[in-house]
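To start, the structure under review is shown below, and the notes come after it.
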Amino acid sequence: MSTTDVFGALANPVRREILEMVRMRSRTAGEIAAAFDVGRPAVSEHLQVLRLAGLVREEAKGRQRVYHMDASGLVELSDWLVPFRKYWKQRLKSLEKALDEEFP
Amino acid sequence: MNLQPGRIRLEISLRHSPSKVWRILTVPEKLETWWAPNDFVAQVGKRFHFDMGPWGKQHCKVLVVDPERKLAYTFAEGSLDTTVTWTLRPDGQGTLLELVHEGFDLDSPMAKAAFDGMSNGWPEVLERLAKTLED
């Protein structure tokens with residue numbers, strides 16, 4: 001499974017909270033980590049998932065990393081569903097391939 | 001705000017018979033080959049999971065089992081809270097397989113974020129939304 005799935009990215013409550021945070025205003029990695037008690041490495045991992053899914057954008061500011069909401073990922077609702085359509089198209093392709101392998 | 005929930009509908013034409021397609025959709029080991037590890041049981045009311053690796057286990061419940069015709073289950077209870085429905089129709093020797101994934105809640109925090117994040121263009125957005133719901 002691709003690690004850039006918006007599907008999986010949104011399925012996690014911590015990641016949804018992070019998105020809520022960066023939606024209000026851009027936040028540093030430290031600010032985001034401080035808001036959760038899951039530990040900084042875990043938060044870094046969540047940020048990475050969100051970034052790969054195209055939901056947040058990372059910017060280096062001096063020694064800080066700042067996270068912004070990525071407009072391309074979540075600006076409009078219709079756009080919000082697009083990645084899910086893509087996801088399913090991929091799954092259906094895999095399904096067809098699985099059928100071909102199972103029943104040649 | 002009174003809007004219909006979001007809905008995704010896709011269709012694929014397969015050269016395999018409905019019984020074969022049904023197997024790939026309902027036998028856990030087969031389902032895993034194209035989607036994710038799972039403990040699916042084709043029985044209405046049964047709870048099961050898709051283990052989506054780092055994304056965690058998605059809680060699901062079987063809603064409809066109509067062998068070789070229709071299969072439906074809830075998907076990602078407690079997060080996305082959506083429903084997945086598979087419909088199989090004979091198509092010559094093959095199958096026309098329809099997928100509907102619906103119930104994307106426009107009042108969820110994710111959708112709210114999407115709406116609140118916009119500074120303008122309501123009419124355009126509603127138009128696009130209508131299109132999304134149509135297809």
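We name chains A, B, ... following the order of the structure tokens; residues begin at 1 in each chain, and ligands are numbered from 1 as shown.
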- Using only C-alpha atoms, which residues sit within 7 Å of His49 (chain B) once same-chain residues fewer than 3 positions away are excluded, as a list in words? Asn38, Asp39, Phe40, Lys57, Gln58, His59 and Cys60 of chain B
Store the residues of this selection in a file with N, CA and C atoms, as a short mmCIF file (atom, residue, chain, number, x, y, z; two decimals), in the first residue's frame.
data_model
loop_
_atom_site.label_atom_id
_atom_site.label_comp_id
_atom_site.auth_asym_id
_atom_site.auth_seq_id
_atom_site.Cartn_x
_atom_site.Cartn_y
_atom_site.Cartn_z
N ASN B 38 -7.39 -8.84 6.62
CA ASN B 38 -8.71 -8.63 7.18
C ASN B 38 -9.21 -9.89 7.84
N ASP B 39 -10.25 -9.77 8.64
CA ASP B 39 -10.90 -10.96 9.20
C ASP B 39 -12.38 -10.96 8.81
N PHE B 40 -12.59 -10.70 7.53
CA PHE B 40 -13.94 -10.60 6.99
C PHE B 40 -14.69 -11.92 7.13
N LYS B 57 -6.07 -0.35 12.37
CA LYS B 57 -7.19 -1.24 12.01
C LYS B 57 -8.44 -0.43 11.78
N GLN B 58 -9.09 -0.68 10.67
CA GLN B 58 -10.35 0.00 10.36
C GLN B 58 -11.50 -0.91 10.76
N HIS B 59 -12.37 -0.39 11.61
CA HIS B 59 -13.50 -1.18 12.09
C HIS B 59 -14.64 -1.15 11.09
N CYS B 60 -15.17 -2.35 10.85
CA CYS B 60 -16.22 -2.47 9.84
C CYS B 60 -17.30 -3.41 10.35
#
- Non-local contacts of Ile32 (chain A) (9 Å; only C-alpha atoms; under 3 positions in same chain excluded) as a count of residues only: 11
Set the distance at 9 Å and use only C-alpha atoms: which residues neighbour Gly56 (chain B) once local chain neighbours fewer than 4 positions away are removed? I'd like the list as a tab-separated table (two decimals) with N, CA and C atoms, in the first residue's frame.
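selection04.tsv, written as the output of this step:
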chain	number	residue	atom	x	y	z
A	8	GLY	N	-5.58	6.65	4.57
A	8	GLY	CA	-4.96	6.28	5.83
A	8	GLY	C	-4.58	7.51	6.64
A	11	ALA	N	-7.46	8.67	8.61
A	11	ALA	CA	-8.11	7.68	9.46
A	11	ALA	C	-7.64	7.79	10.91
A	12	ASN	N	-6.57	8.53	11.14
A	12	ASN	CA	-5.99	8.59	12.47
A	12	ASN	C	-6.39	9.88	13.20
B	50	PHE	N	-10.17	-4.22	8.69
B	50	PHE	CA	-9.10	-4.18	7.70
B	50	PHE	C	-7.88	-3.66	8.43
B	51	ASP	N	-6.79	-4.40	8.35
B	51	ASP	CA	-5.57	-3.97	8.99
B	51	ASP	C	-4.76	-3.18	7.97
B	52	MET	N	-4.84	-1.85	8.07
B	52	MET	CA	-4.20	-1.03	7.06
B	52	MET	C	-2.83	-0.56	7.51
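For Arg15 (chain B), the non-local neighbours within 12 Å, defined as residues at least 4 positions apart in the same chain or in other chains and counting only C-alpha atoms, are A:Glu96, A:Lys97, A:Leu99, A:Asp100, A:Phe103, A:Pro104, B:Ser19, B:Lys20, B:Val21, B:Arg89, B:Pro90, B:Asp91, B:Gly92, B:Gln93, B:Gly94, B:Thr95, B:Leu96, B:Leu97.
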Output file for the residues above (N, CA and C atoms, as a compact mmCIF listing (two decimals), in the first residue's frame):
# COMPACT_ATOMS: atom_id res chain seq x y z
N GLU A 96 -8.58 -6.43 -10.23
CA GLU A 96 -8.59 -7.08 -11.54
C GLU A 96 -7.35 -7.95 -11.72
N LYS A 97 -6.23 -7.43 -11.27
CA LYS A 97 -4.98 -8.17 -11.38
C LYS A 97 -5.05 -9.44 -10.53
N LEU A 99 -7.69 -11.09 -9.74
CA LEU A 99 -8.58 -12.04 -10.43
C LEU A 99 -7.83 -12.76 -11.55
N ASP A 100 -7.06 -12.00 -12.32
CA ASP A 100 -6.31 -12.60 -13.42
C ASP A 100 -5.31 -13.64 -12.92
N PHE A 103 -7.53 -16.67 -11.34
CA PHE A 103 -8.29 -17.44 -12.34
C PHE A 103 -7.77 -17.11 -13.75
N PRO A 104 -6.60 -17.64 -14.10
CA PRO A 104 -6.01 -17.22 -15.39
C PRO A 104 -6.85 -17.73 -16.58
N SER B 19 -19.39 -15.22 -9.82
CA SER B 19 -18.99 -16.10 -8.72
C SER B 19 -17.51 -15.93 -8.39
N LYS B 20 -16.70 -15.71 -9.42
CA LYS B 20 -15.26 -15.49 -9.18
C LYS B 20 -15.04 -14.12 -8.54
N VAL B 21 -15.77 -13.14 -9.02
CA VAL B 21 -15.63 -11.80 -8.44
C VAL B 21 -16.09 -11.82 -6.98
N ARG B 89 -23.11 -7.33 -11.45
CA ARG B 89 -24.12 -7.61 -12.47
C ARG B 89 -23.48 -8.44 -13.57
N PRO B 90 -24.17 -9.53 -13.98
CA PRO B 90 -23.62 -10.33 -15.09
C PRO B 90 -23.50 -9.45 -16.33
N ASP B 91 -22.42 -9.67 -17.05
CA ASP B 91 -22.13 -8.85 -18.23
C ASP B 91 -21.50 -9.79 -19.25
N GLY B 92 -22.35 -10.45 -20.05
CA GLY B 92 -21.85 -11.50 -20.94
C GLY B 92 -21.30 -12.62 -20.07
N GLN B 93 -20.04 -13.02 -20.35
CA GLN B 93 -19.38 -14.03 -19.53
C GLN B 93 -18.81 -13.40 -18.26
N GLY B 94 -18.73 -12.10 -18.30
CA GLY B 94 -18.05 -11.40 -17.21
C GLY B 94 -18.99 -10.73 -16.22
N THR B 95 -18.45 -9.71 -15.55
CA THR B 95 -19.18 -9.03 -14.49
C THR B 95 -18.96 -7.53 -14.59
N LEU B 96 -20.05 -6.81 -14.38
CA LEU B 96 -19.93 -5.38 -14.21
C LEU B 96 -19.94 -5.14 -12.71
N LEU B 97 -18.82 -4.66 -12.20
CA LEU B 97 -18.70 -4.47 -10.75
C LEU B 97 -18.77 -2.99 -10.42
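Of the residues listed (A:Ala34, A:Lys61, A:Gly39, A:Leu50), A:Leu50 shows the shortest atom-to-atom separation from chain B; distances use only C-alpha atoms.
Using only C-alpha atoms, the shortest contact distance between chain A and any of B:Pro28, B:Glu77, B:Thr83, B:Lys61 is found at B:Glu77.
Interatomic distance, CA of Leu81 (chain A) against CA of Leu71 (chain B): 22.4 Å.
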- Task: Return the single residue from B:Leu99, B:Thr26, B:Val44, B:Asp66 that is closest to chain A, with distances computed using only C-alpha atoms.
- Result: B:Leu99
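Of the residues listed (B:Thr74, B:Glu68, B:Val62, B:Val100), B:Val100 shows the shortest atom-to-atom separation from chain A; distances use only C-alpha atoms.
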- Record the distance separating CA of Glu98 (chain B) and CA of Ile12 (chain B), expressed in Å with one decimal. 6.5 Å
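In the backbone-derived DSSP annotation, strand (DSSP E or B) within chain A comprises Arg27, Thr28, Val56, Arg57, Glu58, Glu59, Ala60, Lys61, Gln64, Arg65, Val66, Tyr67, His68 and Met69 of chain A.
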- Enumerate the residues of chain A with a DSSP assignment of helix (DSSP H, G or I), computed from the backbone, and present them as a VMD selection string. chain A and resid 6 to 11 13 to 24 29 to 34 40 to 52 71 to 74 77 to 102
